[in-house]
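Enquirer: Sharing work00.pdb (PDB, C-alpha atoms) below.
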ATOM      1  CA  MET A 676       0.000   0.000   0.000
ATOM      2  CA  THR A 677       1.305   3.430  -0.870
ATOM      3  CA  GLY A 678      -1.438   5.834   0.232
ATOM      4  CA  PRO A 679      -1.367   7.856   3.429
ATOM      5  CA  LEU A 680      -1.499   5.731   6.516
ATOM      6  CA  THR A 681      -3.486   7.128   9.412
ATOM      7  CA  LEU A 682      -3.515   6.303  13.085
ATOM      8  CA  ASP A 683      -7.061   4.958  12.883
ATOM      9  CA  MET A 684      -6.087   2.383  10.287
ATOM     10  CA  VAL A 685      -3.222   1.128  12.450
ATOM     11  CA  ALA A 686      -4.911   1.393  15.838
ATOM     12  CA  GLY A 687      -7.902  -0.682  14.782
ATOM     13  CA  LYS A 688      -5.758  -3.615  13.710
ATOM     14  CA  MET A 689      -3.129  -3.350  16.444
ATOM     15  CA  LYS A 690      -5.317  -2.987  19.525
ATOM     16  CA  ASP A 691      -4.558  -6.548  20.595
ATOM     17  CA  PHE A 692      -0.873  -5.768  20.917
ATOM     18  CA  GLY A 693      -0.937  -2.657  23.063
ATOM     19  CA  VAL A 694      -1.516   1.083  23.227
ATOM     20  CA  THR A 695      -1.235   2.840  19.865
ATOM     21  CA  GLU A 696      -0.678   6.577  19.728
ATOM     22  CA  GLN A 697       0.473   9.169  17.215
ATOM     23  CA  VAL A 698       3.482  10.862  18.750
ATOM     24  CA  ARG A 699       4.373  12.937  15.710
ATOM     25  CA  ARG A 700       2.922  13.642  12.292
ATOM     26  CA  ASN A 701       4.610  10.702  10.639
ATOM     27  CA  ARG A 702       5.291   8.514  13.644
ATOM     28  CA  ILE A 703       3.049   5.971  15.327
ATOM     29  CA  ARG A 704       4.096   4.425  18.606
ATOM     30  CA  ILE A 705       2.897   1.028  19.739
ATOM     31  CA  THR A 706       3.697   0.166  23.344
ATOM     32  CA  THR A 707       3.726  -3.596  23.698
ATOM     33  CA  THR A 708       5.218  -6.304  25.874
ATOM     34  CA  PRO A 709       8.415  -8.293  25.338
ATOM     35  CA  ASP A 710       6.509 -11.511  24.561
ATOM     36  CA  THR A 711       4.484 -10.006  21.717
ATOM     37  CA  VAL A 712       7.126  -7.881  19.981
ATOM     38  CA  HIS A 713       7.814 -10.655  17.474
ATOM     39  CA  ASP A 714       4.129 -10.911  16.531
ATOM     40  CA  THR A 715       3.763  -7.127  16.457
ATOM     41  CA  ILE A 716       6.576  -6.756  13.945
ATOM     42  CA  ARG A 717       5.188  -9.574  11.827
ATOM     43  CA  THR A 718       1.747  -7.975  11.868
ATOM     44  CA  VAL A 719       2.852  -4.462  10.905
ATOM     45  CA  GLN A 720       5.000  -5.994   8.192
ATOM     46  CA  ALA A 721       2.153  -8.028   6.746
ATOM     47  CA  MET A 722      -0.700  -5.524   7.140
ATOM     48  CA  PHE A 723       0.846  -2.098   6.623
ATOM     49  CA  GLY A 724       4.097  -2.738   4.774
ATOM     50  CA  PHE A 725       6.386  -1.611   7.601
ATOM     51  CA  ASP A 726       9.068  -3.905   6.248
ATOM     52  CA  ARG A 727      12.256  -1.897   6.728
ATOM     53  CA  LEU A 728      14.066  -1.549  10.024
ATOM     54  CA  ILE A 729      15.506   1.932  10.632
ATOM     55  CA  THR A 730      17.136   1.199  13.951
ATOM     56  CA  ILE A 731      16.626  -0.254  17.371
ATOM     57  CA  SER A 732      17.110   2.290  20.117
ATOM     58  CA  ALA A 733      17.704   1.412  23.726
ATOM     59  CA  VAL A 734      16.770   3.788  26.518
ATOM     60  CA  ASP A 735      17.691   3.595  30.161
ATOM     61  CA  ASN A 736      14.945   5.509  31.924
ATOM     62  CA  SER A 737      16.528   4.558  35.296
ATOM     63  CA  ARG A 738      13.557   2.351  36.211
ATOM     64  CA  THR A 739      13.570  -0.076  33.294
ATOM     65  CA  LEU A 740      15.440  -0.590  30.067
ATOM     66  CA  GLU A 741      13.356   0.323  27.057
ATOM     67  CA  LEU A 742      13.802  -0.976  23.522
ATOM     68  CA  VAL A 743      12.226   0.849  20.595
ATOM     69  CA  TYR A 744      12.112  -0.807  17.177
ATOM     70  CA  HIS A 745      11.665   1.779  14.418
ATOM     71  CA  LEU A 746      10.263   0.447  11.158
ATOM     72  CA  THR A 747       9.243   2.217   7.994
ATOM     73  CA  GLY A 748       7.838   1.382   4.602
ATOM     74  CA  PRO A 749       6.939   2.813   1.188
ATOM     75  CA  HIS A 750       4.255   5.091   2.723
ATOM     76  CA  ARG A 751       7.014   6.970   4.664
ATOM     77  CA  MET A 752       5.299   6.520   7.999
ATOM     78  CA  VAL A 753       7.398   5.290  10.910
ATOM     79  CA  VAL A 754       6.154   2.861  13.495
ATOM     80  CA  SER A 755       7.983   2.708  16.831
ATOM     81  CA  ILE A 756       7.359  -0.482  18.734
ATOM     82  CA  ALA A 757       8.365   0.074  22.344
ATOM     83  CA  VAL A 758       8.913  -2.576  24.996
ATOM     84  CA  GLU A 759      10.145  -2.299  28.564
ATOM     85  CA  LEU A 760      12.544  -4.794  30.087
ATOM     86  CA  PRO A 761      13.486  -5.255  33.755
ATOM     87  CA  ARG A 762      16.892  -3.943  34.804
ATOM     88  CA  ASP A 763      17.961  -7.223  36.367
ATOM     89  CA  LEU A 764      18.441  -9.905  33.717
ATOM     90  CA  PRO A 765      16.972  -8.016  30.734
ATOM     91  CA  ALA A 766      16.298 -10.501  27.945
ATOM     92  CA  ILE A 767      14.150 -10.429  24.839
ATOM     93  CA  SER A 768      14.123 -12.891  21.963
ATOM     94  CA  THR A 769      15.953 -11.708  18.878
ATOM     95  CA  VAL A 770      14.129 -10.303  15.859
ATOM     96  CA  SER A 771      17.073 -10.965  13.539
ATOM     97  CA  ASP A 772      15.225 -13.970  12.089
ATOM     98  CA  ILE A 773      12.561 -11.706  10.548
ATOM     99  CA  LEU A 774      14.706  -8.543  10.240
ATOM    100  CA  PRO A 775      18.312  -9.569   9.420
ATOM    101  CA  PRO A 776      19.804  -6.078   9.949
ATOM    102  CA  ALA A 777      18.577  -6.179  13.523
ATOM    103  CA  ALA A 778      21.402  -8.555  14.403
ATOM    104  CA  ILE A 779      24.076  -5.856  14.294
ATOM    105  CA  TYR A 780      21.987  -3.432  16.365
ATOM    106  CA  GLU A 781      21.344  -6.128  18.908
ATOM    107  CA  ARG A 782      25.059  -6.809  19.217
ATOM    108  CA  GLN A 783      25.671  -3.143  19.963
ATOM    109  CA  ILE A 784      22.845  -2.978  22.500
ATOM    110  CA  HIS A 785      24.196  -6.101  24.150
ATOM    111  CA  ASP A 786      27.612  -4.416  24.368
ATOM    112  CA  LEU A 787      26.486  -1.137  25.845
ATOM    113  CA  PHE A 788      23.358  -2.031  27.840
ATOM    114  CA  GLY A 789      23.781  -5.720  28.628
ATOM    115  CA  ILE A 790      20.447  -6.785  27.169
ATOM    116  CA  VAL A 791      20.548 -10.456  26.165
ATOM    117  CA  PHE A 792      18.891 -11.583  22.946
ATOM    118  CA  PRO A 793      18.200 -15.352  23.064
ATOM    119  CA  GLY A 794      18.303 -16.884  19.603
ATOM    120  CA  HIS A 795      20.801 -14.381  18.228
ATOM    121  CA  PRO A 796      23.263 -16.066  15.816
ATOM    122  CA  GLY A 797      26.389 -14.482  17.342
ATOM    123  CA  LEU A 798      26.185 -12.026  20.198
ATOM    124  CA  ALA A 799      29.853 -11.022  20.200
ATOM    125  CA  ARG A 800      31.395  -7.673  21.046
ATOM    126  CA  ILE A 801      31.195  -5.092  18.300
ATOM    127  CA  VAL A 802      31.854  -1.545  19.544
ATOM    128  CA  LEU A 803      33.733  -1.977  22.805
ATOM    129  CA  ASN A 804      37.336  -3.109  22.862
ATOM    130  CA  GLU A 805      38.025  -6.826  23.077
ATOM    131  CA  ASP A 806      39.562  -6.649  26.543
ATOM    132  CA  TRP A 807      36.665  -4.716  28.081
ATOM    133  CA  PRO A 808      35.699  -6.408  31.362
ATOM    134  CA  ASP A 809      32.527  -8.479  31.544
ATOM    135  CA  ASN A 810      29.375  -7.228  33.253
ATOM    136  CA  GLU A 811      30.279  -3.563  32.708
ATOM    137  CA  TYR A 812      27.669  -1.778  30.613
ATOM    138  CA  PRO A 813      28.784   1.815  30.120
ATOM    139  CA  LEU A 814      25.579   3.367  28.788
ATOM    140  CA  ARG A 815      23.474   2.347  31.776
ATOM    141  CA  LYS A 816      22.629   5.281  33.993
ATOM    142  CA  ASP A 817      23.893   3.613  37.155
ATOM    143  CA  TRP A 818      27.263   2.702  35.663
ATOM    144  CA  LYS A 819      30.341   4.433  37.026
ATOM    145  CA  PRO A 820      33.882   3.607  35.943
ATOM    146  CA  ASN A 821      35.732   1.863  38.732
ATOM    147  CA  PRO A 822      39.186   3.424  39.159
ATOM    148  CA  ASP A 823      40.674   0.055  40.130
ATOM    149  CA  THR A 824      39.398  -1.767  37.052
ATOM    150  CA  PHE A 825      41.465  -1.994  33.881
ATOM    151  CA  TYR A 826      39.137  -1.238  31.005
ATOM    152  CA  GLY A 827      41.502  -2.222  28.223
ATOM    153  CA  GLY A 828      43.748  -0.241  25.952
ATOM    154  CA  ILE A 829      47.316   0.222  27.146
ATOM    155  CA  LYS A 830      48.250   0.411  30.786
ATOM    156  CA  GLY A 831      49.854   3.578  32.083
ATOM    157  CA  GLU A 832      53.468   3.533  31.089
ATOM    158  CA  LYS A 833      56.070   6.228  30.663
ATOM    159  CA  ILE A 834      57.392   6.459  27.133
TER     160      ILE A 834
ATOM    161  CA  MET B1042      78.209  13.178  24.487
ATOM    162  CA  THR B1043      80.305  12.595  21.410
ATOM    163  CA  VAL B1044      78.471  12.243  18.173
ATOM    164  CA  PRO B1045      80.133  10.009  15.628
ATOM    165  CA  ALA B1046      80.660  11.733  12.325
ATOM    166  CA  ALA B1047      78.185  10.510   9.746
ATOM    167  CA  GLY B1048      79.609   8.742   6.753
ATOM    168  CA  LEU B1049      78.920   9.783   3.193
ATOM    169  CA  SER B1050      76.111   7.277   2.698
ATOM    170  CA  GLN B1051      74.432   8.315   5.947
ATOM    171  CA  ARG B1052      74.635  11.974   4.984
ATOM    172  CA  LEU B1053      73.163  11.131   1.609
ATOM    173  CA  VAL B1054      70.285   9.309   3.286
ATOM    174  CA  ASN B1055      69.654  12.216   5.650
ATOM    175  CA  TRP B1056      69.652  14.669   2.763
ATOM    176  CA  ALA B1057      67.221  12.548   0.793
ATOM    177  CA  ARG B1058      64.970  12.091   3.805
ATOM    178  CA  LEU B1059      64.735  15.825   4.371
ATOM    179  CA  LYS B1060      63.873  16.424   0.743
ATOM    180  CA  SER B1061      61.092  13.875   0.615
ATOM    181  CA  PRO B1062      59.439  12.907   3.890
ATOM    182  CA  TRP B1063      56.838  10.224   3.478
ATOM    183  CA  ILE B1064      53.798  10.501   5.667
ATOM    184  CA  THR B1065      51.179   8.092   6.817
ATOM    185  CA  VAL B1066      47.928   9.247   8.370
ATOM    186  CA  TYR B1067      46.289   7.232  11.097
ATOM    187  CA  ASN B1068      42.813   8.015  12.324
ATOM    188  CA  SER B1069      42.611   6.703  15.861
ATOM    189  CA  GLY B1070      38.974   7.569  16.437
ATOM    190  CA  ALA B1071      38.684  11.176  15.280
ATOM    191  CA  CYS B1072      35.599  12.870  13.917
ATOM    192  CA  ASN B1073      37.167  13.023  10.395
ATOM    193  CA  ALA B1074      37.494  16.820  10.338
ATOM    194  CA  CYS B1075      41.275  16.490  10.682
ATOM    195  CA  ASP B1076      41.281  13.947   7.870
ATOM    196  CA  ILE B1077      39.377  16.357   5.652
ATOM    197  CA  GLU B1078      41.998  19.023   6.341
ATOM    198  CA  ILE B1079      44.744  16.559   5.439
ATOM    199  CA  ILE B1080      42.944  15.810   2.198
ATOM    200  CA  ALA B1081      42.802  19.558   1.605
ATOM    201  CA  CYS B1082      46.582  19.583   2.033
ATOM    202  CA  LEU B1083      46.960  17.060  -0.748
ATOM    203  CA  MET B1084      44.786  19.022  -3.150
ATOM    204  CA  PRO B1085      46.259  21.580  -5.597
ATOM    205  CA  ARG B1086      45.390  24.617  -3.494
ATOM    206  CA  PHE B1087      47.866  23.716  -0.745
ATOM    207  CA  ASP B1088      49.730  21.001  -2.642
ATOM    208  CA  ILE B1089      52.143  19.543  -0.121
ATOM    209  CA  GLU B1090      53.901  17.619  -2.844
ATOM    210  CA  ARG B1091      55.850  20.760  -3.672
ATOM    211  CA  PHE B1092      57.772  20.056  -0.446
ATOM    212  CA  GLY B1093      58.313  16.478  -1.555
ATOM    213  CA  ILE B1094      55.820  15.321   1.065
ATOM    214  CA  LEU B1095      54.072  12.183  -0.050
ATOM    215  CA  VAL B1096      51.225  10.455   1.723
ATOM    216  CA  LYS B1097      51.715   6.702   1.803
ATOM    217  CA  GLY B1098      49.206   4.080   2.705
ATOM    218  CA  SER B1099      51.533   1.879   4.712
ATOM    219  CA  PRO B1100      53.379   2.823   7.906
ATOM    220  CA  ARG B1101      56.273   0.628   6.756
ATOM    221  CA  HIS B1102      57.070   3.172   4.064
ATOM    222  CA  ALA B1103      56.625   6.273   6.187
ATOM    223  CA  ASP B1104      58.952   8.600   8.066
ATOM    224  CA  ILE B1105      56.260  10.672   9.756
ATOM    225  CA  LEU B1106      53.067   9.414  11.349
ATOM    226  CA  ILE B1107      50.214  11.891  11.673
ATOM    227  CA  VAL B1108      47.750  10.756  14.315
ATOM    228  CA  THR B1109      44.403  12.459  13.963
ATOM    229  CA  GLY B1110      42.207  12.404  16.972
ATOM    230  CA  HIS B1111      42.045  11.041  20.460
ATOM    231  CA  VAL B1112      42.801   7.372  21.043
ATOM    232  CA  THR B1113      39.956   5.067  21.965
ATOM    233  CA  LEU B1114      40.713   2.010  24.056
ATOM    234  CA  LYS B1115      40.108  -0.162  21.035
ATOM    235  CA  GLN B1116      42.544   1.818  18.891
ATOM    236  CA  ALA B1117      45.358   2.007  21.451
ATOM    237  CA  SER B1118      46.970  -1.345  20.722
ATOM    238  CA  ARG B1119      46.451  -0.858  16.977
ATOM    239  CA  LEU B1120      48.091   2.564  17.069
ATOM    240  CA  ARG B1121      51.020   1.140  19.005
ATOM    241  CA  ARG B1122      51.380  -1.616  16.415
ATOM    242  CA  VAL B1123      51.305   0.895  13.538
ATOM    243  CA  TRP B1124      53.979   2.937  15.283
ATOM    244  CA  GLU B1125      56.137  -0.123  15.874
ATOM    245  CA  GLN B1126      55.988  -1.005  12.189
ATOM    246  CA  MET B1127      57.541   2.297  11.118
ATOM    247  CA  PRO B1128      61.265   2.231  10.342
ATOM    248  CA  GLU B1129      63.657   4.414  12.326
ATOM    249  CA  PRO B1130      63.952   7.378  12.419
ATOM    250  CA  LYS B1131      60.249   7.864  12.999
ATOM    251  CA  TYR B1132      58.406  11.011  13.946
ATOM    252  CA  VAL B1133      54.873  11.458  15.199
ATOM    253  CA  ILE B1134      52.645  14.490  14.788
ATOM    254  CA  ALA B1135      49.564  14.618  17.020
ATOM    255  CA  MET B1136      46.904  16.568  15.261
ATOM    256  CA  GLY B1137      44.280  18.804  16.758
ATOM    257  CA  ALA B1138      42.922  19.326  20.255
ATOM    258  CA  CYS B1139      41.991  15.650  20.469
ATOM    259  CA  GLY B1140      45.527  14.501  19.792
ATOM    260  CA  ALA B1141      46.899  16.758  22.521
ATOM    261  CA  SER B1142      44.444  16.096  25.319
ATOM    262  CA  GLY B1143      41.384  14.253  24.086
ATOM    263  CA  GLY B1144      39.539  17.466  23.264
ATOM    264  CA  VAL B1145      35.818  17.374  23.892
ATOM    265  CA  PHE B1146      36.086  13.626  24.468
ATOM    266  CA  HIS B1147      38.423  13.975  27.460
ATOM    267  CA  GLY B1148      37.461  11.705  30.340
ATOM    268  CA  LEU B1149      35.006   9.483  28.528
ATOM    269  CA  TYR B1150      34.809   5.849  29.474
ATOM    270  CA  HIS B1151      36.439   4.511  26.308
ATOM    271  CA  MET B1152      39.293   7.015  25.923
ATOM    272  CA  MET B1153      43.040   6.936  26.417
ATOM    273  CA  ASP B1154      42.715  10.765  26.679
ATOM    274  CA  SER B1155      45.787  11.608  24.627
ATOM    275  CA  VAL B1156      48.043  10.146  22.011
ATOM    276  CA  ASP B1157      51.181  10.489  24.130
ATOM    277  CA  LYS B1158      49.945   7.817  26.530
ATOM    278  CA  VAL B1159      50.400   5.334  23.693
ATOM    279  CA  ILE B1160      53.270   6.574  21.534
ATOM    280  CA  PRO B1161      55.835   9.363  21.944
ATOM    281  CA  ILE B1162      54.884  12.589  20.174
ATOM    282  CA  ASP B1163      57.331  14.963  18.522
ATOM    283  CA  VAL B1164      55.065  17.753  17.289
ATOM    284  CA  TYR B1165      51.629  18.867  18.441
ATOM    285  CA  VAL B1166      49.378  20.867  16.130
ATOM    286  CA  ALA B1167      46.737  23.024  17.773
ATOM    287  CA  GLY B1168      43.304  23.600  16.342
ATOM    288  CA  CYS B1169      39.999  21.854  15.930
ATOM    289  CA  PRO B1170      40.656  21.051  13.155
ATOM    290  CA  PRO B1171      44.028  22.631  12.272
ATOM    291  CA  ARG B1172      44.157  24.491   9.000
ATOM    292  CA  PRO B1173      46.137  22.916   6.144
ATOM    293  CA  ASP B1174      48.863  25.580   6.389
ATOM    294  CA  GLU B1175      49.290  24.669  10.058
ATOM    295  CA  ILE B1176      49.677  21.032   9.089
ATOM    296  CA  ILE B1177      52.321  21.978   6.530
ATOM    297  CA  ASN B1178      54.035  24.083   9.195
ATOM    298  CA  ALA B1179      54.012  21.088  11.548
ATOM    299  CA  VAL B1180      55.603  18.859   8.952
ATOM    300  CA  VAL B1181      58.261  21.466   8.222
ATOM    301  CA  THR B1182      58.891  21.786  11.986
ATOM    302  CA  CYS B1183      59.192  18.030  12.076
ATOM    303  CA  LEU B1184      61.771  18.168   9.282
ATOM    304  CA  ASN B1185      63.810  20.713  11.233
ATOM    305  CA  LEU B1186      63.697  18.350  14.201
ATOM    306  CA  LEU B1187      64.840  15.555  11.922
ATOM    307  CA  LYS B1188      67.757  17.684  10.758
ATOM    308  CA  GLU B1189      68.779  18.550  14.316
ATOM    309  CA  ASP B1190      68.405  14.962  15.440
ATOM    310  CA  ALA B1191      70.645  13.830  12.604
ATOM    311  CA  ALA B1192      73.259  16.349  13.771
ATOM    312  CA  HIS B1193      72.952  15.162  17.398
ATOM    313  CA  GLY B1194      72.874  11.493  16.489
ATOM    314  CA  GLY B1195      69.464  10.660  17.882
ATOM    315  CA  LYS B1196      66.440  11.964  19.745
ATOM    316  CA  GLU B1197      67.956  11.685  23.230
ATOM    317  CA  TRP B1198      69.363  15.211  23.307
ATOM    318  CA  ARG B1199      65.899  16.814  23.546
ATOM    319  CA  LYS B1200      64.413  14.419  26.069
ATOM    320  CA  LYS B1201      63.765  15.858  29.502
ATOM    321  CA  ALA B1202      65.316  13.812  32.292
ATOM    322  CA  VAL B1203      62.595  12.123  34.310
ATOM    323  CA  PRO B1204      64.013  10.325  37.367
ATOM    324  CA  GLY B1205      63.314   6.643  37.579
ATOM    325  CA  THR B1206      62.161   6.082  34.006
ATOM    326  CA  SER B1207      63.760   4.539  31.002
ATOM    327  CA  MET B1208      65.001   7.059  28.481
ATOM    328  CA  ASP B1209      65.271   4.635  25.608
ATOM    329  CA  THR B1210      62.296   4.616  23.272
ATOM    330  CA  LYS B1211      63.396   1.311  21.809
ATOM    331  CA  THR B1212      62.844  -0.508  25.099
ATOM    332  CA  SER B1213      59.292   0.724  25.664
ATOM    333  CA  ARG B1214      56.847  -2.077  25.097
ATOM    334  CA  VAL B1215      53.239  -2.803  25.874
ATOM    335  CA  ILE B1216      52.883  -4.072  29.404
ATOM    336  CA  PRO B1217      50.417  -6.961  29.213
TER     337      PRO B1217
END
Kindly return the structure encoded in the file as structure tokens.
Expert:
Amino acid sequence: MTGPLTLDMVAGKMKDFGVTEQVRRNRIRITTTPDTVHDTIRTVQAMFGFDRLITISAVDNSRTLELVYHLTGPHRMVVSIAVELPRDLPAISTVSDILPPAAIYERQIHDLFGIVFPGHPGLARIVLNEDWPDNEYPLRKDWKPNPDTFYGGIKGEKI
Amino acid sequence: MTVPAAGLSQRLVNWARLKSPWITVYNSGACNACDIEIIACLMPRFDIERFGILVKGSPRHADILIVTGHVTLKQASRLRRVWEQMPEPKYVIAMGACGASGGVFHGLYHMMDSVDKVIPIDVYVAGCPPRPDEIINAVVTCLNLLKEDAAHGGKEWRKKAVPGTSMDTKTSRVIP
């Protein structure tokens, strides 16, 4: 479909998945739960042609960790599918099986926020250095660098 | 300190090196503004080839290493490896505010904060980014250093004495 896509068209079909709201002129936000995000993406892909992933953003709102999947399509509307994850043991199943580019975003989110994506083909480090210590997630709000920890690079040495 | 007189072949090499310094540029995590200024140097308006300066792709062919930008933790070991691959005598120019102190990125969680924590620096260029004429000036300053070092027989004469540290650059290695 290539015509204008309105909130009413989306909200009627997506009411099973969560709250749908129009946050901006071209952006529709669907707040859903971690269990249904897979079905939500499949549904917006099949019904409204939201078949391209723009990005996955991760937000630490200091209570929970929030993931927002931004998808777009030929009608130039953007749908933002938001889920909230608990801070302790945040895990959500990967969407890289239906959206292959999601795999690289999920690796980065795993690096910086420590969110685990079960089913991901290879959740290795991508942006942080290889010798970065485990269980240190620098973009979380409660993270502080420990002065006694060696975070990689080259140790202090006079040249 | 007695400096041994350079033989004819060594003097010939020094002369040739001063007439045509080869440069390699290494981006250790910069925002690419410094790289754009270096590209502007290569273009006909500034045209650094009139000084015989040639930009080479490999550090193994280079006399001068220009490091653009701060050093991220991930780039630190790579930068050290690039520097170790350069043949002696090697000179390093740290470019911009980031190269000197980390610039606006100073103190971030993934930063080494300055290039001189990883490799020894000979010339700093100020600016964010430095203008191409300042880069050319830095390279010419570097060539004057090279000339003086050749007369003194090494870099040791301009090192400040720091008690309790090794003065020899050849012995500095990565501490695992």
Enquirer: Please find the residues of chain B near chain A - the criterion being any atom within 6 Å, counting all atoms listed in the file - and write them as a PyMOL selection string.
Expert: chain B and resi 1114-1115+1117
Enquirer: Excluding same-chain residues fewer than 3 positions from Ile1134 in chain B, what lies within 12 Å of it counting only C-alpha atoms, as a PyMOL selection string?
Expert: chain B and resi 1064-1067+1104-1110+1124+1131+1137+1140-1141+1156-1157+1160-1167+1175-1184+1186
Enquirer: Output the selection as a tab-separated table (two decimals), in the coordinates of the input - C-alpha atoms for each residue.
Expert:
chain	number	residue	atom	x	y	z
B	1064	ILE	CA	53.80	10.50	5.67
B	1065	THR	CA	51.18	8.09	6.82
B	1066	VAL	CA	47.93	9.25	8.37
B	1067	TYR	CA	46.29	7.23	11.10
B	1104	ASP	CA	58.95	8.60	8.07
B	1105	ILE	CA	56.26	10.67	9.76
B	1106	LEU	CA	53.07	9.41	11.35
B	1107	ILE	CA	50.21	11.89	11.67
B	1108	VAL	CA	47.75	10.76	14.32
B	1109	THR	CA	44.40	12.46	13.96
B	1110	GLY	CA	42.21	12.40	16.97
B	1124	TRP	CA	53.98	2.94	15.28
B	1131	LYS	CA	60.25	7.86	13.00
B	1137	GLY	CA	44.28	18.80	16.76
B	1140	GLY	CA	45.53	14.50	19.79
B	1141	ALA	CA	46.90	16.76	22.52
B	1156	VAL	CA	48.04	10.15	22.01
B	1157	ASP	CA	51.18	10.49	24.13
B	1160	ILE	CA	53.27	6.57	21.53
B	1161	PRO	CA	55.84	9.36	21.94
B	1162	ILE	CA	54.88	12.59	20.17
B	1163	ASP	CA	57.33	14.96	18.52
B	1164	VAL	CA	55.06	17.75	17.29
B	1165	TYR	CA	51.63	18.87	18.44
B	1166	VAL	CA	49.38	20.87	16.13
B	1167	ALA	CA	46.74	23.02	17.77
B	1175	GLU	CA	49.29	24.67	10.06
B	1176	ILE	CA	49.68	21.03	9.09
B	1177	ILE	CA	52.32	21.98	6.53
B	1178	ASN	CA	54.04	24.08	9.20
B	1179	ALA	CA	54.01	21.09	11.55
B	1180	VAL	CA	55.60	18.86	8.95
B	1181	VAL	CA	58.26	21.47	8.22
B	1182	THR	CA	58.89	21.79	11.99
B	1183	CYS	CA	59.19	18.03	12.08
B	1184	LEU	CA	61.77	18.17	9.28
B	1186	LEU	CA	63.70	18.35	14.20
Enquirer: Specify the axis-aligned box that encloses all atoms of range 685-699 of chain A listed in the file after padding of 3 Å on each side, stating its centre and edge lengths in Å to one decimal as lines of an AutoDock Vina configuration file.
Expert:
center_x = -1.8
center_y = 3.2
center_z = 17.8
size_x = 18.3
size_y = 25.5
size_z = 16.8
Enquirer: For the structure provided, state which residues fall under the PyMOL selection byres ((chain A and resi 788-795) around 10), and present them as a PyMOL selection string.
Expert: chain A and resi 733-735+740+742+760-772+777-779+781-787+796-799+809-816+818
Enquirer: Considering all atoms listed in the file, state which residue in the set A:Asn821, A:Ser755, A:Thr695, A:Thr747 is at the smallest distance from Gly724 in chain A.
Expert: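 Nearest candidate to Gly724 in chain A out of A:Asn821, A:Ser755, A:Thr695, A:Thr747: A:Thr747.
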Enquirer: For the file shown, report as a PyMOL selection string the outcome of the PyMOL selection byres ((chain A and resi 682) around 9) at residue level.
Expert: chain A and resi 680-681+683-687+695-697+703
Enquirer: Excluding same-chain residues fewer than 5 positions from Glu759 in chain A, what lies within 9 Å of it counting all atoms listed in the file, as a PDB file with C-alpha atoms, keeping the file's coordinate frame?
Expert:
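Result file follows (out28.pdb):
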ATOM      1  CA  THR A 706       3.697   0.166  23.344  1.00  0.00           C
ATOM      2  CA  THR A 707       3.726  -3.596  23.698  1.00  0.00           C
ATOM      3  CA  THR A 708       5.218  -6.304  25.874  1.00  0.00           C
ATOM      4  CA  PRO A 709       8.415  -8.293  25.338  1.00  0.00           C
ATOM      5  CA  THR A 739      13.570  -0.076  33.294  1.00  0.00           C
ATOM      6  CA  LEU A 740      15.440  -0.590  30.067  1.00  0.00           C
ATOM      7  CA  GLU A 741      13.356   0.323  27.057  1.00  0.00           C
ATOM      8  CA  LEU A 742      13.802  -0.976  23.522  1.00  0.00           C
ATOM      9  CA  VAL A 743      12.226   0.849  20.595  1.00  0.00           C
TER      10      VAL A 743
END
Enquirer: Using Å and a single decimal, report how far CA of Pro1171 in chain B sits from CA of Gly1195 in chain B.
Expert: 28.7 Å
Enquirer: Report as a list in words the residues that result from applying the PyMOL selection byres ((chain B and resi 1077-1093) around 7) to the structure here.
Expert: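 This file gives the following for the PyMOL selection byres ((chain B and resi 1077-1093) around 7): Lys1060, Ser1061, Pro1062, Asn1073, Ala1074, Cys1075, Asp1076, Ile1094, Leu1095, Arg1172 and Pro1173 of chain B.
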Enquirer: Check the smallest atom-to-atom distance from each of A:Thr715, A:Ala757, A:Arg738, A:Thr730 to Lys690 in chain A using all atoms listed in the file, then report the winner.
Expert: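 That would be A:Thr715, the residue with the smallest distance to Lys690 in chain A.
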Enquirer: For Gln1126 in chain B, which residue out of B:His1147, B:Lys1097, B:His1102, B:Arg1199 is the nearest one, using only C-alpha atoms?
Expert: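 Under the stated criterion, the closest residue is B:His1102.
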Enquirer: Quote the spacing between CA of Asp1190 in chain B and CA of Arg1122 in chain B in Å to one decimal place.
Expert: 23.8 Å
Enquirer: In Å to one decimal, how far is CA of Ala1071 in chain B from CA of His1111 in chain B?
Expert: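 We find that CA of His1111 in chain B and CA of Ala1071 in chain B lie 6.2 Å from each other.
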Enquirer: Around the point (10.5, -1.2, 2.5) (coordinates from the file), which residues reach within 12 Å if we count only C-alpha atoms? Answer as a ChimeraX atom specification.
Expert: /A:676-677,719-721,723-729,746-753,774
